[in-house]
Every structure is written in structure tokens, then in C-alpha cells.
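One structure is given here, and the rest of the page talks about it.
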Amino acid sequence: MSIYITDECINCGACEPECPNNAIYDGGIEWAYADGTGVSGKFNLVDGLEVDAEEMNAPIEEDFYFIVPDKCTECQGFHEEPQCAAVCPVDCCIPMAEQLKSMEDELAQETIQNNPSDTEIQFLQTKIQKFKEDKNLIESEERLLKKKEILHL
Ligand code: SF4
Ligand code: SF4
């Protein structure tokens, strides 16, 4: 699994130097697997997908710090707890699965409690779908689950 930075990020930069995997980038910055890591050339991610370590990839967020899901191990093997979350002054570094779940819970609650219109339901569904699609650029939900399984998270 990986940690996700929400849009509550205040761009303080405190988390970036703490990451043992160099998985954190300032908004709008291109990134590569090779940045700050020992990997080079073509290699396979834990789920078997082949990637080019030196290839520059588009920023995941433009306006605030972001974490590359495939580079984040939740600090396993380095620290007891995710270091980005430990230093973040506004607690906006949360597990990606938690973020997805809270969005899905919001939709479920709205549906049960507030008798929302079809348009409101559609708005929430679109929001969830967009989140998934954005993350699918790097790591699909299935790949997240596979990675979780492989890393025993
Ligand atoms: S949890 Fe650890 S590895 Fe993942 S982004 Fe935060 S500091 Fe980096
Ligand atoms: S420590 Fe938190 S607020 Fe600061 S840049 Fe990182 S995620 Fe954003």
C-alpha cells in the first residue's frame, strides 16, 4: 500500500527529505523511479509490471506535494511508521486505501441519510471514479491490492 497526500497539504516541504524511498515530490515536478533510489534501466515492479527507471513521468499533482504510489512502501524496512505522516504538521498524509474508503463511505452515507438527487449521487460517483482514474495512471486498484498481497500489508 502507499500513503496519499490530500489537498489539505500546505506545501511546507517537511515530508520530502524524510522519505527513505524518495517517493515524495513537490507539485508540478516530473519524477522517475531512479530518482534517489538504486534502480536503473528496465526493471519490474513488485507486481511484475516492467518500467524504465530513468523515464520521466508526469507530475501526479500540480498544486501540492504528492507521493508516487509505486515508490512508497509505507516506510517498511526503514522505520516503524510512515515518516511523512509523522512529520506532517496538518496530518494530510493518509493511507490511500483509507482515502478511497472515506470517499466511498461519504457516498454511502449520503445515499442512506440525505436522500440525494440522482445528480448528487452522480457527482460523488464521478469524484470517486476520477480519484481512481488519476491513481490508475500509476497504480490501478487491482495493482494496489496485488502489491498489498505481495508485501503482506
Ligand atoms: S510512507 Fe515512507 S516511503 Fe511512503 S512516502 Fe511516506 S516517507 Fe516515503
Ligand atoms: S509535510 Fe504535510 S503539509 Fe508539508 S508538504 Fe508534506 S504533506 Fe504537505
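Following the order of the C-alpha cells, chains are lettered A, B, ..., residues in each are numbered from 1, and ligands are numbered from 1.
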Handout entry: Residues within 9 Å of range 102-110 of chain A, only C-alpha atoms, excluding chain neighbours under 4 positions, as an NGL selection string
Key = :A and (97-98 or 114-116 or 120-121 or 124-125 or 127-128)
Closest pair table for chain A residues within 8 Å of ligand 2, only C-alpha atoms and all ligand atoms, as a Markdown table:
| residue | atom | partner | partner_atom_place_in_ligand_line | distance |
| --- | --- | --- | --- | --- |
| A:Ile5 | CA | ligand 2 | 7 (S) | 5.5 |
| A:Thr6 | CA | ligand 2 | 7 (S) | 7.5 |
| A:Glu8 | CA | ligand 2 | 3 (S) | 7.1 |
| A:Cys9 | CA | ligand 2 | 8 (Fe) | 3.8 |
| A:Ile10 | CA | ligand 2 | 3 (S) | 4.3 |
| A:Asn11 | CA | ligand 2 | 5 (S) | 3.9 |
| A:Cys12 | CA | ligand 2 | 4 (Fe) | 3.9 |
| A:Gly13 | CA | ligand 2 | 5 (S) | 3.8 |
| A:Ala14 | CA | ligand 2 | 1 (S) | 4.4 |
| A:Cys15 | CA | ligand 2 | 1 (S) | 4.2 |
| A:Glu16 | CA | ligand 2 | 6 (Fe) | 6.4 |
| A:Asp26 | CA | ligand 2 | 5 (S) | 7.6 |
| A:Phe64 | CA | ligand 2 | 8 (Fe) | 6.8 |
| A:Tyr65 | CA | ligand 2 | 5 (S) | 5.5 |
| A:Phe66 | CA | ligand 2 | 7 (S) | 7.4 |
| A:Cys84 | CA | ligand 2 | 1 (S) | 6.2 |
| A:Ala85 | CA | ligand 2 | 2 (Fe) | 7.2 |
| A:Val87 | CA | ligand 2 | 1 (S) | 5.9 |
| A:Cys88 | CA | ligand 2 | 1 (S) | 3.6 |
| A:Pro89 | CA | ligand 2 | 2 (Fe) | 5.8 |
| A:Val90 | CA | ligand 2 | 3 (S) | 5.7 |
| A:Asp91 | CA | ligand 2 | 2 (Fe) | 6.4 |
| A:Cys92 | CA | ligand 2 | 2 (Fe) | 5.6 |
| A:Cys93 | CA | ligand 2 | 7 (S) | 5.6 |
Take the residues from that selection and put them in a file with C-alpha atoms, as a CSV table (one decimal), in the first residue's frame.
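result.csv, freshly written:
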chain,number,residue,atom,x,y,z
A,5,ILE,CA,-1.3,13.3,0.4
A,6,THR,CA,-4.6,15.1,0.4
A,8,GLU,CA,-5.0,19.9,2.7
A,9,CYS,CA,-1.3,19.9,2.1
A,10,ILE,CA,0.2,23.4,2.9
A,11,ASN,CA,3.4,22.8,0.8
A,12,CYS,CA,5.7,23.1,3.8
A,13,GLY,CA,8.1,20.5,2.4
A,14,ALA,CA,8.8,18.8,5.7
A,15,CYS,CA,8.0,15.3,4.5
A,16,GLU,CA,10.1,15.3,1.4
A,26,ASP,CA,6.7,18.9,-4.9
A,64,PHE,CA,0.7,20.4,-3.8
A,65,TYR,CA,3.2,17.7,-2.8
A,66,PHE,CA,2.4,14.2,-4.0
A,84,CYS,CA,5.8,11.6,6.0
A,85,ALA,CA,2.8,11.2,8.2
A,87,VAL,CA,6.3,14.9,10.4
A,88,CYS,CA,3.3,16.4,8.6
A,89,PRO,CA,2.0,19.4,10.6
A,90,VAL,CA,-1.5,19.2,9.1
A,91,ASP,CA,-1.9,15.3,9.1
A,92,CYS,CA,-2.7,15.2,5.4
A,93,CYS,CA,-0.6,12.0,4.7
Exercise for the section: Any chance you could list, as a ChimeraX atom specification, the residues in range 41-146 of chain A that come up strand (DSSP E) when DSSP is run on the backbone? Expected result: /A:42-44,50-52,66-67,93-95
Output N, CA and C atoms for every residue in that selection, as a tab-separated table (two decimals), in the first residue's frame.
chain	number	residue	atom	x	y	z
A	42	LYS	N	15.65	-0.97	-17.29
A	42	LYS	CA	14.33	-1.61	-17.21
A	42	LYS	C	14.29	-2.51	-15.97
A	43	PHE	N	13.21	-2.43	-15.25
A	43	PHE	CA	13.06	-3.35	-14.12
A	43	PHE	C	11.58	-3.59	-13.86
A	44	ASN	N	11.31	-4.62	-13.09
A	44	ASN	CA	9.93	-4.98	-12.81
A	44	ASN	C	9.52	-4.51	-11.42
A	50	GLU	N	6.71	-4.04	-16.06
A	50	GLU	CA	8.04	-3.55	-16.40
A	50	GLU	C	8.03	-2.05	-16.63
A	51	VAL	N	8.98	-1.36	-16.02
A	51	VAL	CA	9.08	0.09	-16.19
A	51	VAL	C	10.53	0.47	-16.47
A	52	ASP	N	10.69	1.69	-16.98
A	52	ASP	CA	12.02	2.21	-17.26
A	52	ASP	C	12.38	3.17	-16.13
A	66	PHE	N	3.09	15.45	-3.71
A	66	PHE	CA	2.44	14.16	-3.99
A	66	PHE	C	3.43	13.02	-3.73
A	67	ILE	N	2.86	11.82	-3.57
A	67	ILE	CA	3.66	10.61	-3.35
A	67	ILE	C	3.46	9.68	-4.54
A	93	CYS	N	-1.16	13.23	5.34
A	93	CYS	CA	-0.58	12.03	4.72
A	93	CYS	C	-1.34	10.83	5.26
A	94	ILE	N	-2.17	10.24	4.45
A	94	ILE	CA	-3.00	9.13	4.93
A	94	ILE	C	-2.90	7.94	3.98
A	95	PRO	N	-3.18	6.75	4.48
A	95	PRO	CA	-3.12	5.59	3.58
A	95	PRO	C	-4.10	5.76	2.42
Problem - Cys19 in chain A environment, 9 Å, only C-alpha atoms, sequence neighbours closer than 6 positions dropped, as a ChimeraX atom specification - result: /A:72,75,82-84
Give me a file of those residues, with C-alpha atoms, as an mmCIF file, in the first residue's frame.
data_model
loop_
_atom_site.group_PDB
_atom_site.id
_atom_site.type_symbol
_atom_site.label_atom_id
_atom_site.label_comp_id
_atom_site.auth_asym_id
_atom_site.auth_seq_id
_atom_site.Cartn_x
_atom_site.Cartn_y
_atom_site.Cartn_z
ATOM 1 C CA CYS A 72 6.192 4.244 -1.374
ATOM 2 C CA CYS A 75 8.464 3.072 5.199
ATOM 3 C CA PRO A 82 5.353 6.303 7.763
ATOM 4 C CA GLN A 83 7.745 9.200 8.233
ATOM 5 C CA CYS A 84 5.823 11.611 6.031
#
Completion exercise
Correct to one decimal, the distance CA of Gly36 in chain A-CA of Met56 in chain A is 13.4 Å
Practice task
Work out how far apart CA of Ala32 in chain A and CA of Asp7 in chain A are and give it in Å to one decimal.
Solution key: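 Answer for the CA of Ala32 in chain A to CA of Asp7 in chain A separation: 22.4 Å.
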Practice task
Would you please work out which residue, of A:Leu100, A:Ile112, A:Val39, A:Ala86, is nearest to ligand 1 when using only C-alpha atoms and all ligand atoms?
Solution key: A:Ala86
Exercise for the section: From a DSSP pass on the backbone, collect the residues of range 1-152 of chain A flagged as alpha helix (DSSP H) and hand them back as JSON, numbers by chain. Expected result: {"A": [83, 84, 85, 86, 87, 96, 97, 98, 99, 100, 101, 102, 103, 104, 105, 106, 107, 108, 109, 110, 111, 112, 113, 118, 119, 120, 121, 122, 123, 124, 125, 126, 127, 128, 129, 130, 131, 132, 133, 134, 135, 136, 141, 142, 143, 144, 145, 146, 147, 148, 149, 150, 151]}
Problem - Spatial neighbours of Asp35 in chain A, 10 Å, only C-alpha atoms, chain gap at least 3 places, as JSON, numbers by chain - result: {"A": [21, 22, 23, 31, 32, 38, 39, 40, 53, 54, 56, 71]}
Problem - Among listed residues A:Glu30, A:Glu81, A:Glu18, A:Glu74, nearest Ile60 in chain A (using only C-alpha atoms) - result: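 Going through A:Glu30, A:Glu81, A:Glu18, A:Glu74 one by one, the smallest distance to Ile60 in chain A is for A:Glu30.
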